[in-house]
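Participant: My structure is stored as upload33.pdb, with PDB, C-alpha atoms.
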MODEL        1
ATOM      1  CA  MET Y   1       0.000   0.000   0.000
ATOM      2  CA  LYS Y   2       2.937   2.352   0.526
ATOM      3  CA  THR Y   3       3.383   2.845  -3.227
ATOM      4  CA  PHE Y   4      -0.289   3.741  -3.548
ATOM      5  CA  PHE Y   5      -0.187   6.344  -0.763
ATOM      6  CA  ASP Y   6       2.985   7.828  -2.225
ATOM      7  CA  LYS Y   7       0.999   8.383  -5.439
ATOM      8  CA  VAL Y   8      -1.959   9.829  -3.532
ATOM      9  CA  MET Y   9       0.210  12.453  -1.834
ATOM     10  CA  GLU Y  10       2.795  13.135  -4.543
ATOM     11  CA  ASP Y  11       1.425  16.609  -5.351
ATOM     12  CA  GLN Y  12       0.986  17.681  -1.728
ATOM     13  CA  PRO Y  13       3.513  20.065  -0.103
ATOM     14  CA  CYS Y  14       4.038  17.719   2.845
ATOM     15  CA  SER Y  15       5.881  14.524   3.678
ATOM     16  CA  GLN Y  16       4.609  11.145   4.819
ATOM     17  CA  GLN Y  17       5.879   8.676   7.383
ATOM     18  CA  TYR Y  18       4.700   5.104   7.760
ATOM     19  CA  TRP Y  19       4.413   3.703  11.274
ATOM     20  CA  ALA Y  20       3.606   0.117  12.192
ATOM     21  CA  TRP Y  21       3.350  -2.063  15.276
ATOM     22  CA  HIS Y  22       6.257  -4.483  15.349
ATOM     23  CA  HIS Y  23       6.108  -8.101  16.452
ATOM     24  CA  PRO Y  24       9.484  -9.574  17.525
ATOM     25  CA  GLU Y  25       9.318 -12.249  14.810
ATOM     26  CA  GLN Y  26       8.352  -9.811  12.063
ATOM     27  CA  VAL Y  27      10.832  -8.647   9.446
ATOM     28  CA  GLU Y  28      11.249  -4.884   9.492
ATOM     29  CA  HIS Y  29      10.839  -3.069   6.188
ATOM     30  CA  LEU Y  30      12.786  -0.039   5.056
ATOM     31  CA  ASP Y  31      11.049   3.335   5.259
ATOM     32  CA  PHE Y  32       8.837   2.227   8.168
ATOM     33  CA  HIS Y  33       9.044   3.419  11.767
ATOM     34  CA  TYR Y  34       8.134   0.718  14.273
ATOM     35  CA  TYR Y  35       6.670   0.909  17.776
ATOM     36  CA  ALA Y  36       6.210  -1.801  20.403
ATOM     37  CA  ASN Y  37       2.922  -0.806  22.066
ATOM     38  CA  SER Y  38       0.390   1.989  22.536
ATOM     39  CA  VAL Y  39       2.552   3.773  25.118
ATOM     40  CA  GLU Y  40       5.401   4.035  22.643
ATOM     41  CA  LEU Y  41       3.022   5.061  19.869
ATOM     42  CA  MET Y  42       1.576   7.885  21.966
ATOM     43  CA  SER Y  43       5.106   9.041  22.742
ATOM     44  CA  LEU Y  44       5.916   9.130  19.017
ATOM     45  CA  MET Y  45       2.743  11.057  18.259
ATOM     46  CA  LYS Y  46       3.408  13.621  20.995
ATOM     47  CA  SER Y  47       6.961  14.177  19.768
ATOM     48  CA  ALA Y  48       5.805  14.837  16.182
ATOM     49  CA  PRO Y  49       5.404  18.434  14.939
ATOM     50  CA  VAL Y  50       2.082  20.009  15.879
ATOM     51  CA  THR Y  51       1.098  20.146  12.200
ATOM     52  CA  THR Y  52       1.275  16.326  11.928
ATOM     53  CA  ARG Y  53      -1.900  14.465  10.996
ATOM     54  CA  PHE Y  54      -2.450  10.762  11.677
ATOM     55  CA  VAL Y  55      -4.288   8.068   9.693
ATOM     56  CA  PHE Y  56      -5.061   4.836  11.546
ATOM     57  CA  HIS Y  57      -5.430   1.835   9.263
ATOM     58  CA  GLY Y  58      -7.405  -0.355  11.627
ATOM     59  CA  PHE Y  59      -8.097   0.433  15.289
ATOM     60  CA  PHE Y  60      -7.305  -2.911  16.895
ATOM     61  CA  ASP Y  61      -5.267  -1.954  19.964
ATOM     62  CA  ARG Y  62      -7.931  -1.155  22.546
ATOM     63  CA  SER Y  63      -5.299   0.050  25.027
ATOM     64  CA  LEU Y  64      -4.770   3.014  22.691
ATOM     65  CA  TRP Y  65      -8.380   4.221  22.818
ATOM     66  CA  PRO Y  66      -8.449   5.772  26.326
ATOM     67  CA  LYS Y  67      -5.026   7.335  25.767
ATOM     68  CA  LEU Y  68      -6.218   9.030  22.575
ATOM     69  CA  LEU Y  69      -9.527  10.002  24.168
ATOM     70  CA  LEU Y  70      -7.683  11.982  26.855
ATOM     71  CA  SER Y  71      -5.364  13.635  24.333
ATOM     72  CA  ASN Y  72      -5.913  16.517  21.938
ATOM     73  CA  LEU Y  73      -4.077  14.406  19.350
ATOM     74  CA  SER Y  74      -7.398  12.689  18.610
ATOM     75  CA  LYS Y  75      -8.505  15.877  16.837
ATOM     76  CA  HIS Y  76      -5.760  15.292  14.272
ATOM     77  CA  CYS Y  77      -6.702  11.701  13.392
ATOM     78  CA  ILE Y  78      -8.866   9.731  11.011
ATOM     79  CA  TRP Y  79      -9.634   6.038  11.376
ATOM     80  CA  ILE Y  80      -9.999   3.584   8.489
ATOM     81  CA  CYS Y  81     -12.138   0.726   9.807
ATOM     82  CA  TRP Y  82     -10.912  -2.673   8.625
ATOM     83  CA  GLY Y  83     -13.797  -4.744   9.978
ATOM     84  CA  HIS Y  84     -12.884  -6.492  13.219
ATOM     85  CA  ASP Y  85     -12.330  -3.136  14.923
ATOM     86  CA  ILE Y  86     -16.119  -2.601  14.713
ATOM     87  CA  TYR Y  87     -17.384  -6.206  14.582
ATOM     88  CA  GLN Y  88     -15.789  -6.926  17.980
ATOM     89  CA  HIS Y  89     -18.540  -4.857  19.585
ATOM     90  CA  HIS Y  90     -21.072  -7.409  18.335
ATOM     91  CA  THR Y  91     -19.386 -10.479  19.826
ATOM     92  CA  LYS Y  92     -21.844 -12.618  21.797
ATOM     93  CA  GLY Y  93     -21.290 -12.741  25.530
ATOM     94  CA  ARG Y  94     -18.953  -9.764  25.664
ATOM     95  CA  PRO Y  95     -17.190  -9.369  29.023
ATOM     96  CA  LEU Y  96     -17.684  -6.186  31.057
ATOM     97  CA  LYS Y  97     -14.245  -4.911  30.011
ATOM     98  CA  LEU Y  98     -15.173  -5.026  26.321
ATOM     99  CA  LYS Y  99     -18.482  -3.301  27.030
ATOM    100  CA  LEU Y 100     -16.548  -0.507  28.746
ATOM    101  CA  MET Y 101     -14.206  -0.254  25.756
ATOM    102  CA  HIS Y 102     -17.255   0.040  23.518
ATOM    103  CA  PHE Y 103     -18.307   3.125  25.489
ATOM    104  CA  ILE Y 104     -14.784   4.603  25.243
ATOM    105  CA  HIS Y 105     -14.750   3.908  21.498
ATOM    106  CA  ARG Y 106     -18.050   5.783  21.131
ATOM    107  CA  LEU Y 107     -16.610   8.823  22.886
ATOM    108  CA  LEU Y 108     -13.371   8.690  20.949
ATOM    109  CA  VAL Y 109     -14.895   8.476  17.477
ATOM    110  CA  LYS Y 110     -16.718  11.768  18.057
ATOM    111  CA  ARG Y 111     -13.350  13.507  18.599
ATOM    112  CA  LEU Y 112     -11.731  12.246  15.385
ATOM    113  CA  VAL Y 113     -11.639  14.315  12.220
ATOM    114  CA  ASN Y 114     -13.394  11.483  10.425
ATOM    115  CA  CYS Y 115     -13.714   7.727  10.195
ATOM    116  CA  CYS Y 116     -14.074   5.677   7.028
ATOM    117  CA  ALA Y 117     -15.398   2.217   6.214
ATOM    118  CA  LEU Y 118     -14.349  -0.028   3.357
ATOM    119  CA  ASN Y 119     -17.940  -0.458   2.188
ATOM    120  CA  ALA Y 120     -21.362   1.100   2.715
ATOM    121  CA  GLY Y 121     -22.644  -1.705   4.950
ATOM    122  CA  ASP Y 122     -19.807  -1.288   7.411
ATOM    123  CA  SER Y 123     -20.363   2.468   7.332
ATOM    124  CA  GLU Y 124     -23.952   1.995   8.490
ATOM    125  CA  LEU Y 125     -22.805  -0.470  11.157
ATOM    126  CA  ILE Y 126     -20.288   2.038  12.546
ATOM    127  CA  LYS Y 127     -22.952   4.741  12.670
ATOM    128  CA  ALA Y 128     -25.346   2.500  14.569
ATOM    129  CA  THR Y 129     -22.757   0.925  16.872
ATOM    130  CA  LEU Y 130     -20.858   4.074  17.823
ATOM    131  CA  ARG Y 131     -23.769   6.526  17.434
ATOM    132  CA  THR Y 132     -21.983   8.804  15.030
ATOM    133  CA  SER Y 133     -22.875  10.249  11.648
ATOM    134  CA  ASN Y 134     -19.290  11.097  10.744
ATOM    135  CA  VAL Y 135     -18.516   8.043   8.577
ATOM    136  CA  ASP Y 136     -17.498   7.980   4.920
ATOM    137  CA  VAL Y 137     -16.983   5.046   2.559
ATOM    138  CA  LEU Y 138     -13.371   4.824   1.400
ATOM    139  CA  PRO Y 139     -12.293   1.461  -0.096
ATOM    140  CA  TYR Y 140      -8.734   0.275  -0.517
ATOM    141  CA  PRO Y 141      -7.698  -0.488  -4.097
ATOM    142  CA  LEU Y 142      -6.406  -3.806  -5.353
ATOM    143  CA  ILE Y 143      -2.646  -3.288  -5.223
ATOM    144  CA  GLY Y 144       0.012  -5.043  -7.286
ATOM    145  CA  SER Y 145      -1.990  -8.072  -8.377
ATOM    146  CA  ASN Y 146      -0.357  -8.581 -11.765
ATOM    147  CA  ILE Y 147      -0.411 -12.373 -12.155
ATOM    148  CA  GLU Y 148      -2.270 -13.392 -15.297
ATOM    149  CA  ARG Y 149      -4.592 -16.363 -15.030
ATOM    150  CA  ASN Y 150      -3.474 -19.192 -17.290
ATOM    151  CA  VAL Y 151      -5.681 -22.255 -16.737
ATOM    152  CA  GLN Y 152      -5.527 -24.996 -19.360
ATOM    153  CA  GLY Y 153      -6.650 -28.595 -19.776
ATOM    154  CA  ASN Y 154     -10.144 -30.079 -19.776
ATOM    155  CA  ASP Y 155      -9.149 -32.879 -17.412
ATOM    156  CA  ARG Y 156      -7.777 -30.610 -14.679
ATOM    157  CA  PRO Y 157      -9.798 -30.460 -11.441
ATOM    158  CA  GLN Y 158     -12.066 -27.538 -10.677
ATOM    159  CA  THR Y 159      -9.995 -25.669  -8.100
ATOM    160  CA  ILE Y 160     -11.828 -24.021  -5.208
ATOM    161  CA  LEU Y 161     -10.229 -21.421  -2.937
ATOM    162  CA  LEU Y 162     -11.844 -21.662   0.499
ATOM    163  CA  GLY Y 163     -11.521 -18.648   2.796
ATOM    164  CA  ASN Y 164      -8.598 -16.288   3.176
ATOM    165  CA  SER Y 165      -7.008 -17.135   6.539
ATOM    166  CA  ALA Y 166      -7.044 -19.469   9.534
ATOM    167  CA  SER Y 167      -9.396 -17.202  11.474
ATOM    168  CA  PRO Y 168     -12.470 -19.083  12.765
ATOM    169  CA  ASN Y 169     -14.514 -16.249  11.214
ATOM    170  CA  ASN Y 170     -14.014 -18.070   7.908
ATOM    171  CA  ASN Y 171     -16.382 -20.828   9.129
ATOM    172  CA  HIS Y 172     -14.347 -23.420   7.217
ATOM    173  CA  ILE Y 173     -16.070 -26.493   8.609
ATOM    174  CA  GLU Y 174     -19.519 -25.217   7.655
ATOM    175  CA  ALA Y 175     -18.247 -24.397   4.158
ATOM    176  CA  LEU Y 176     -16.685 -27.859   3.822
ATOM    177  CA  SER Y 177     -20.064 -29.371   4.673
ATOM    178  CA  TRP Y 178     -21.663 -27.316   1.886
ATOM    179  CA  LEU Y 179     -19.084 -28.645  -0.581
ATOM    180  CA  SER Y 180     -19.221 -32.243   0.656
ATOM    181  CA  GLY Y 181     -21.833 -33.176  -1.951
ATOM    182  CA  PHE Y 182     -19.143 -32.623  -4.614
ATOM    183  CA  ALA Y 183     -16.556 -34.881  -2.958
ATOM    184  CA  GLU Y 184     -16.712 -37.461  -5.760
ATOM    185  CA  GLU Y 185     -16.286 -34.851  -8.495
ATOM    186  CA  ASN Y 186     -12.992 -33.813 -10.085
ATOM    187  CA  ILE Y 187     -12.244 -30.984  -7.660
ATOM    188  CA  LYS Y 188      -9.427 -29.583  -5.534
ATOM    189  CA  ILE Y 189     -10.027 -27.455  -2.460
ATOM    190  CA  ILE Y 190      -7.274 -25.050  -1.384
ATOM    191  CA  ALA Y 191      -7.627 -23.555   2.104
ATOM    192  CA  PRO Y 192      -5.150 -20.860   3.214
ATOM    193  CA  LEU Y 193      -4.631 -21.627   6.934
ATOM    194  CA  ASN Y 194      -1.325 -19.853   7.378
ATOM    195  CA  TYR Y 195      -2.190 -16.902   9.621
ATOM    196  CA  ALA Y 196      -4.689 -15.314  12.026
ATOM    197  CA  GLY Y 197      -5.988 -18.471  13.689
ATOM    198  CA  PRO Y 198      -5.276 -20.744  16.686
ATOM    199  CA  VAL Y 199      -3.403 -23.997  16.102
ATOM    200  CA  GLU Y 200      -6.288 -26.052  17.491
ATOM    201  CA  TYR Y 201      -8.732 -24.576  14.992
ATOM    202  CA  VAL Y 202      -6.355 -25.119  12.073
ATOM    203  CA  GLN Y 203      -6.021 -28.784  13.056
ATOM    204  CA  GLN Y 204      -9.810 -29.196  13.251
ATOM    205  CA  VAL Y 205     -10.220 -27.755   9.750
ATOM    206  CA  ILE Y 206      -7.475 -29.982   8.329
ATOM    207  CA  GLU Y 207      -8.977 -33.100   9.932
ATOM    208  CA  CYS Y 208     -12.440 -32.221   8.596
ATOM    209  CA  GLY Y 209     -11.110 -31.463   5.107
ATOM    210  CA  ASN Y 210      -9.130 -34.692   4.963
ATOM    211  CA  ALA Y 211     -12.085 -36.749   6.220
ATOM    212  CA  LEU Y 212     -14.491 -35.329   3.634
ATOM    213  CA  PHE Y 213     -12.206 -34.907   0.623
ATOM    214  CA  GLY Y 214      -9.014 -36.893   1.218
ATOM    215  CA  ASP Y 215      -6.145 -35.768  -1.006
ATOM    216  CA  LYS Y 216      -8.485 -33.366  -2.816
ATOM    217  CA  PHE Y 217      -8.126 -31.066   0.199
ATOM    218  CA  ASP Y 218      -4.977 -28.934   0.199
ATOM    219  CA  PRO Y 219      -4.398 -26.843   3.364
ATOM    220  CA  ILE Y 220      -1.794 -24.069   3.061
ATOM    221  CA  THR Y 221      -0.058 -23.721   6.442
ATOM    222  CA  GLN Y 222       3.176 -21.982   5.439
ATOM    223  CA  MET Y 223       3.317 -18.233   4.894
ATOM    224  CA  LEU Y 224       3.600 -17.233   1.241
ATOM    225  CA  GLN Y 225       5.308 -14.319  -0.439
ATOM    226  CA  LYS Y 226       2.834 -11.939  -2.068
ATOM    227  CA  GLU Y 227       3.642 -13.143  -5.579
ATOM    228  CA  GLU Y 228       3.129 -16.758  -4.479
ATOM    229  CA  TYR Y 229      -0.209 -15.817  -2.921
ATOM    230  CA  ASP Y 230      -1.314 -13.980  -6.075
ATOM    231  CA  ARG Y 231      -0.321 -16.994  -8.156
ATOM    232  CA  LEU Y 232      -2.312 -19.268  -5.840
ATOM    233  CA  ILE Y 233      -5.437 -17.116  -6.195
ATOM    234  CA  ALA Y 234      -5.023 -16.969  -9.983
ATOM    235  CA  SER Y 235      -4.794 -20.773 -10.186
ATOM    236  CA  CYS Y 236      -8.322 -21.210  -8.802
ATOM    237  CA  ASP Y 237     -11.616 -21.355 -10.662
ATOM    238  CA  ILE Y 238     -14.017 -20.601  -7.818
ATOM    239  CA  VAL Y 239     -13.720 -18.646  -4.556
ATOM    240  CA  VAL Y 240     -15.923 -19.609  -1.592
ATOM    241  CA  PHE Y 241     -16.276 -17.409   1.502
ATOM    242  CA  ALA Y 242     -18.438 -18.512   4.443
ATOM    243  CA  HIS Y 243     -17.764 -15.698   6.908
ATOM    244  CA  ASP Y 244     -20.639 -13.700   8.377
ATOM    245  CA  ARG Y 245     -18.913 -10.328   7.974
ATOM    246  CA  GLN Y 246     -16.777  -8.231   5.653
ATOM    247  CA  GLN Y 247     -13.448  -9.981   5.234
ATOM    248  CA  GLY Y 248     -10.850 -10.902   2.634
ATOM    249  CA  LEU Y 249     -11.486  -8.059   0.187
ATOM    250  CA  TYR Y 250      -8.071  -8.530  -1.421
ATOM    251  CA  VAL Y 251      -9.135 -12.022  -2.503
ATOM    252  CA  VAL Y 252     -12.553 -10.779  -3.603
ATOM    253  CA  TYR Y 253     -11.088  -8.019  -5.763
ATOM    254  CA  SER Y 254      -8.454 -10.386  -7.174
ATOM    255  CA  ALA Y 255     -11.176 -12.887  -8.099
ATOM    256  CA  PHE Y 256     -13.142 -10.214  -9.932
ATOM    257  CA  LYS Y 257     -10.023  -9.093 -11.779
ATOM    258  CA  GLN Y 258      -9.287 -12.686 -12.796
ATOM    259  CA  GLY Y 259     -12.891 -13.298 -13.907
ATOM    260  CA  GLN Y 260     -13.430 -16.052 -11.345
ATOM    261  CA  LYS Y 261     -16.740 -17.146  -9.897
ATOM    262  CA  ILE Y 262     -17.157 -16.042  -6.285
ATOM    263  CA  PHE Y 263     -19.510 -17.086  -3.495
ATOM    264  CA  ILE Y 264     -20.091 -14.878  -0.418
ATOM    265  CA  ARG Y 265     -22.811 -15.066   2.219
ATOM    266  CA  SER Y 266     -25.689 -12.884   1.082
ATOM    267  CA  ASN Y 267     -26.225 -11.335   4.538
ATOM    268  CA  THR Y 268     -22.769  -9.716   4.667
ATOM    269  CA  SER Y 269     -22.022  -6.058   3.996
ATOM    270  CA  SER Y 270     -19.556  -7.216   1.316
ATOM    271  CA  PHE Y 271     -22.215  -9.076  -0.682
ATOM    272  CA  LYS Y 272     -24.761  -6.269  -0.398
ATOM    273  CA  SER Y 273     -22.305  -3.533  -1.385
ATOM    274  CA  LEU Y 274     -20.798  -5.464  -4.292
ATOM    275  CA  ASN Y 275     -24.225  -6.483  -5.540
ATOM    276  CA  LYS Y 276     -25.326  -2.846  -5.445
ATOM    277  CA  PHE Y 277     -22.269  -1.879  -7.522
ATOM    278  CA  GLY Y 278     -23.428  -4.408 -10.136
ATOM    279  CA  PHE Y 279     -20.934  -7.243  -9.640
ATOM    280  CA  ASN Y 280     -22.070 -10.777 -10.455
ATOM    281  CA  LEU Y 281     -21.606 -12.935  -7.371
ATOM    282  CA  PHE Y 282     -23.387 -15.812  -5.669
ATOM    283  CA  ALA Y 283     -24.755 -16.645  -2.212
ATOM    284  CA  SER Y 284     -22.457 -19.166  -0.560
ATOM    285  CA  GLU Y 285     -25.158 -20.468   1.805
ATOM    286  CA  LYS Y 286     -26.955 -21.826  -1.285
ATOM    287  CA  ILE Y 287     -24.075 -24.109  -2.326
ATOM    288  CA  ALA Y 288     -25.446 -27.156  -0.491
ATOM    289  CA  GLU Y 289     -28.642 -26.918  -2.570
ATOM    290  CA  MET Y 290     -26.820 -26.781  -5.919
ATOM    291  CA  GLU Y 291     -26.114 -29.443  -8.465
ATOM    292  CA  TYR Y 292     -22.432 -29.697  -9.315
ATOM    293  CA  SER Y 293     -22.995 -28.399 -12.872
ATOM    294  CA  GLU Y 294     -24.716 -25.286 -11.494
ATOM    295  CA  PHE Y 295     -21.929 -24.734  -8.962
ATOM    296  CA  ILE Y 296     -19.101 -24.785 -11.517
ATOM    297  CA  ASN Y 297     -20.920 -23.173 -14.437
ATOM    298  CA  SER Y 298     -19.308 -19.870 -15.368
ATOM    299  CA  ASN Y 299     -20.782 -17.210 -17.639
ATOM    300  CA  LEU Y 300     -18.140 -15.516 -19.791
ATOM    301  CA  GLN Y 301     -20.143 -12.283 -20.110
ATOM    302  CA  ASP Y 302     -20.598 -12.061 -16.312
ATOM    303  CA  ALA Y 303     -16.866 -12.586 -15.830
ATOM    304  CA  GLN Y 304     -16.021  -9.843 -18.329
ATOM    305  CA  ASN Y 305     -18.516  -7.477 -16.689
ATOM    306  CA  ASN Y 306     -16.881  -8.087 -13.302
ATOM    307  CA  GLN Y 307     -13.433  -7.421 -14.732
ATOM    308  CA  GLU Y 308     -14.515  -4.134 -16.316
ATOM    309  CA  LEU Y 309     -16.416  -3.022 -13.219
ATOM    310  CA  MET Y 310     -13.446  -3.909 -11.027
ATOM    311  CA  GLU Y 311     -11.241  -1.549 -13.053
ATOM    312  CA  ARG Y 312     -13.788   1.271 -12.753
ATOM    313  CA  THR Y 313     -14.392   0.930  -9.008
ATOM    314  CA  PHE Y 314     -11.539  -0.637  -7.037
ATOM    315  CA  SER Y 315      -8.420  -0.041  -9.125
ATOM    316  CA  GLU Y 316      -5.725   2.424  -8.041
ATOM    317  CA  LYS Y 317      -6.737   4.794 -10.827
ATOM    318  CA  ALA Y 318     -10.357   4.782  -9.683
ATOM    319  CA  LEU Y 319      -9.632   5.320  -5.982
ATOM    320  CA  ILE Y 320      -6.742   7.805  -5.965
ATOM    321  CA  PRO Y 321      -9.121  10.829  -6.239
ATOM    322  CA  GLN Y 322     -11.237   9.576  -3.299
ATOM    323  CA  TRP Y 323      -8.199   9.123  -1.097
ATOM    324  CA  GLN Y 324      -6.805  12.509  -2.096
ATOM    325  CA  GLN Y 325     -10.061  14.155  -1.047
ATOM    326  CA  ALA Y 326     -10.159  12.335   2.310
ATOM    327  CA  LEU Y 327      -6.566  13.158   3.171
ATOM    328  CA  GLN Y 328      -6.976  16.751   2.054
ATOM    329  CA  GLN Y 329      -9.799  17.054   4.568
ATOM    330  CA  LEU Y 330      -7.395  15.870   7.263
ATOM    331  CA  LEU Y 331      -4.683  18.324   6.159
ATOM    332  CA  ASP Y 332      -7.139  21.217   6.269
ATOM    333  CA  VAL Y 333      -7.953  20.683   9.955
TER     334      VAL Y 333
ENDMDL
END
So, in terms of structure tokens, how does the structure I just supplied come out?

Facilitator:
Amino acid sequence: MKTFFDKVMEDQPCSQQYWAWHHPEQVEHLDFHYYANSVELMSLMKSAPVTTRFVFHGFFDRSLWPKLLLSNLSKHCIWICWGHDIYQHHTKGRPLKLKLMHFIHRLLVKRLVNCCALNAGDSELIKATLRTSNVDVLPYPLIGSNIERNVQGNDRPQTILLGNSASPNNNHIEALSWLSGFAEENIKIIAPLNYAGPVEYVQQVIECGNALFGDKFDPITQMLQKEEYDRLIASCDIVVFAHDRQQGLYVVYSAFKQGQKIFIRSNTSSFKSLNKFGFNLFASEKIAEMEYSEFINSNLQDAQNNQELMERTFSEKALIPQWQQALQQLLDV
């Protein structure tokens, strides 16, 4: 994303810095400033020139919220909501501590210059959850996905990409049950299980996949370089998401660019927003009711429409003006 934001701000008479939380096992990248925790981040923010403005990409560290709430620095910030930073307030059986943090989050968001959601559904959820009207829709573009899809051979299996991470939010086991009626068909199921989930859950998914599909189930447990990941996505014919929330937009956008068939739950903000834009996509909860021929059938015109619409809506070229406007608003404060 750094290259994209460099383009967004290239005509502005100001400089950018990129800050990121650093995990001890993470490789540090050049041109990034790293901090260990919210205390160190607040120290960095306070030491910055008074004209500095801050953009938070995700608001996951709850220990930061009360610190920002009690600081005038909050009036120089915008927050880009990634999903979990708002969905966490809807977790069933929330402990008292999380309920208190919900209240702090509500107070904090009213002090920010602005907050932005990646789609219209999440924008409405933020407004309702945090009781604020100050929410814009500002998607991220698909960045650097340049692998061309090259699928050949009539006897090759139909390759299905299942989910985007090892997070239990992917509801892998439910999705595998939907697909189980196709177990005797010439298919291959690829499940990226290489980050964002507990070991116990990953093992459960692998055991379920192996039991239902045998060697047709291919779990990915090792981290991939971006080019490897892009190549993996491009090798698939169908993408299946079973999560109940907005998630995995990089995969969704990549699938549209590649002209692949994609299934997403119809009750998610992702499905509703993309459907409103005019994308052709399918309800994943209906898979269990489908015949195999219906599941794999792909319409060339629909695929081409998705590719063209993807370029007009979620490409860098399409989104640079929106980001320039949002960041200009922050600079004008």

Participant: Neighbours of Ile238 (chain Y) within 8 Å (all atoms listed in the file; same-chain residues fewer than 2 positions away dropped), as a list in words?

Facilitator: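 After dropping sequence-adjacent residues, the list is Gln158, Thr159, Ile160, Leu161, Cys236, Val240, Gln260, Lys261, Ile262, Phe263 and Ile296 of chain Y.
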
Participant: Restrict the selected residues to C-alpha atoms and save them as a compact mmCIF listing (two decimals), keeping the file's coordinate frame.

Facilitator:
# COMPACT_ATOMS: atom_id res chain seq x y z
CA GLN Y 158 -12.07 -27.54 -10.68
CA THR Y 159 -9.99 -25.67 -8.10
CA ILE Y 160 -11.83 -24.02 -5.21
CA LEU Y 161 -10.23 -21.42 -2.94
CA CYS Y 236 -8.32 -21.21 -8.80
CA VAL Y 240 -15.92 -19.61 -1.59
CA GLN Y 260 -13.43 -16.05 -11.34
CA LYS Y 261 -16.74 -17.15 -9.90
CA ILE Y 262 -17.16 -16.04 -6.28
CA PHE Y 263 -19.51 -17.09 -3.50
CA ILE Y 296 -19.10 -24.78 -11.52

Participant: To one decimal in Å, tell me the separation between CA of Cys208 (chain Y) and CA of Leu179 (chain Y).

Facilitator: 11.9 Å

Participant: Quote the spacing between CA of Gln17 (chain Y) and CA of Tyr250 (chain Y) in Å to one decimal place.

Facilitator: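 CA of Tyr250 (chain Y) lies at a distance of 23.8 Å from CA of Gln17 (chain Y).
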
Participant: Restricting the calculation to only C-alpha atoms: of Y:Val205, Y:Cys116, Y:Ala175, Y:Leu309, which residue gets closest to Arg265 (chain Y)?

Facilitator: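 With only C-alpha atoms as the atom set, the closest residue is Y:Ala175.
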
Participant: Go through Y:Leu331, Y:Ile189, Y:Ile147, Y:Val202 and flag the residue nearest Gln12 (chain Y), using all atoms listed in the file for the distances.

Facilitator: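 Closest to Gln12 (chain Y), using all atoms listed in the file: Y:Leu331.
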
Participant: Please produce, as JSON lines, a per-residue contact table for region 39-94 of chain Y versus region 104-109 of chain Y (criterion: any atom at most 8 Å away, only C-alpha atoms considered), showing the nearest atom pair and its distance in Å to one decimal, sorted by chain then residue number.

Facilitator:
{"residue": "Y:Trp65", "atom": "CA", "partner": "Y:His105", "partner_atom": "CA", "distance": 6.5}
{"residue": "Y:Pro66", "atom": "CA", "partner": "Y:Ile104", "partner_atom": "CA", "distance": 6.5}
{"residue": "Y:Leu68", "atom": "CA", "partner": "Y:Leu108", "partner_atom": "CA", "distance": 7.3}
{"residue": "Y:Leu69", "atom": "CA", "partner": "Y:Leu108", "partner_atom": "CA", "distance": 5.2}
{"residue": "Y:Ser74", "atom": "CA", "partner": "Y:Leu108", "partner_atom": "CA", "distance": 7.6}

Participant: List as a PDB file with C-alpha atoms, in the frame of the given file the protein and nucleic acid residues near region 268-273 of chain Y, meaning an atom at most 6 Å away when only C-alpha atoms are counted, but skip any in the same chain fewer than 4 places from it.

Facilitator:
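Generated output (part.pdb):
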ATOM      1  CA  GLY Y 121     -22.644  -1.705   4.950  1.00  0.00           C
ATOM      2  CA  ASP Y 244     -20.639 -13.700   8.377  1.00  0.00           C
ATOM      3  CA  ARG Y 245     -18.913 -10.328   7.974  1.00  0.00           C
ATOM      4  CA  GLN Y 246     -16.777  -8.231   5.653  1.00  0.00           C
TER       5      GLN Y 246
END

Participant: Please evaluate the PyMOL selection byres ((chain Y and resi 9) around 12) against the structure above and give the resulting residues as a VMD selection string.

Facilitator: chain Y and resid 2 to 8 10 to 17 320 to 328 331

Participant: Give me a file of those residues, with C-alpha atoms, as an mmCIF file, in the coordinates of the input.

Facilitator:
data_model
loop_
_atom_site.group_PDB
_atom_site.id
_atom_site.type_symbol
_atom_site.label_atom_id
_atom_site.label_comp_id
_atom_site.auth_asym_id
_atom_site.auth_seq_id
_atom_site.Cartn_x
_atom_site.Cartn_y
_atom_site.Cartn_z
ATOM 1 C CA LYS Y 2 2.937 2.352 0.526
ATOM 2 C CA THR Y 3 3.383 2.845 -3.227
ATOM 3 C CA PHE Y 4 -0.289 3.741 -3.548
ATOM 4 C CA PHE Y 5 -0.187 6.344 -0.763
ATOM 5 C CA ASP Y 6 2.985 7.828 -2.225
ATOM 6 C CA LYS Y 7 0.999 8.383 -5.439
ATOM 7 C CA VAL Y 8 -1.959 9.829 -3.532
ATOM 8 C CA GLU Y 10 2.795 13.135 -4.543
ATOM 9 C CA ASP Y 11 1.425 16.609 -5.351
ATOM 10 C CA GLN Y 12 0.986 17.681 -1.728
ATOM 11 C CA PRO Y 13 3.513 20.065 -0.103
ATOM 12 C CA CYS Y 14 4.038 17.719 2.845
ATOM 13 C CA SER Y 15 5.881 14.524 3.678
ATOM 14 C CA GLN Y 16 4.609 11.145 4.819
ATOM 15 C CA GLN Y 17 5.879 8.676 7.383
ATOM 16 C CA ILE Y 320 -6.742 7.805 -5.965
ATOM 17 C CA PRO Y 321 -9.121 10.829 -6.239
ATOM 18 C CA GLN Y 322 -11.237 9.576 -3.299
ATOM 19 C CA TRP Y 323 -8.199 9.123 -1.097
ATOM 20 C CA GLN Y 324 -6.805 12.509 -2.096
ATOM 21 C CA GLN Y 325 -10.061 14.155 -1.047
ATOM 22 C CA ALA Y 326 -10.159 12.335 2.310
ATOM 23 C CA LEU Y 327 -6.566 13.158 3.171
ATOM 24 C CA GLN Y 328 -6.976 16.751 2.054
ATOM 25 C CA LEU Y 331 -4.683 18.324 6.159
#
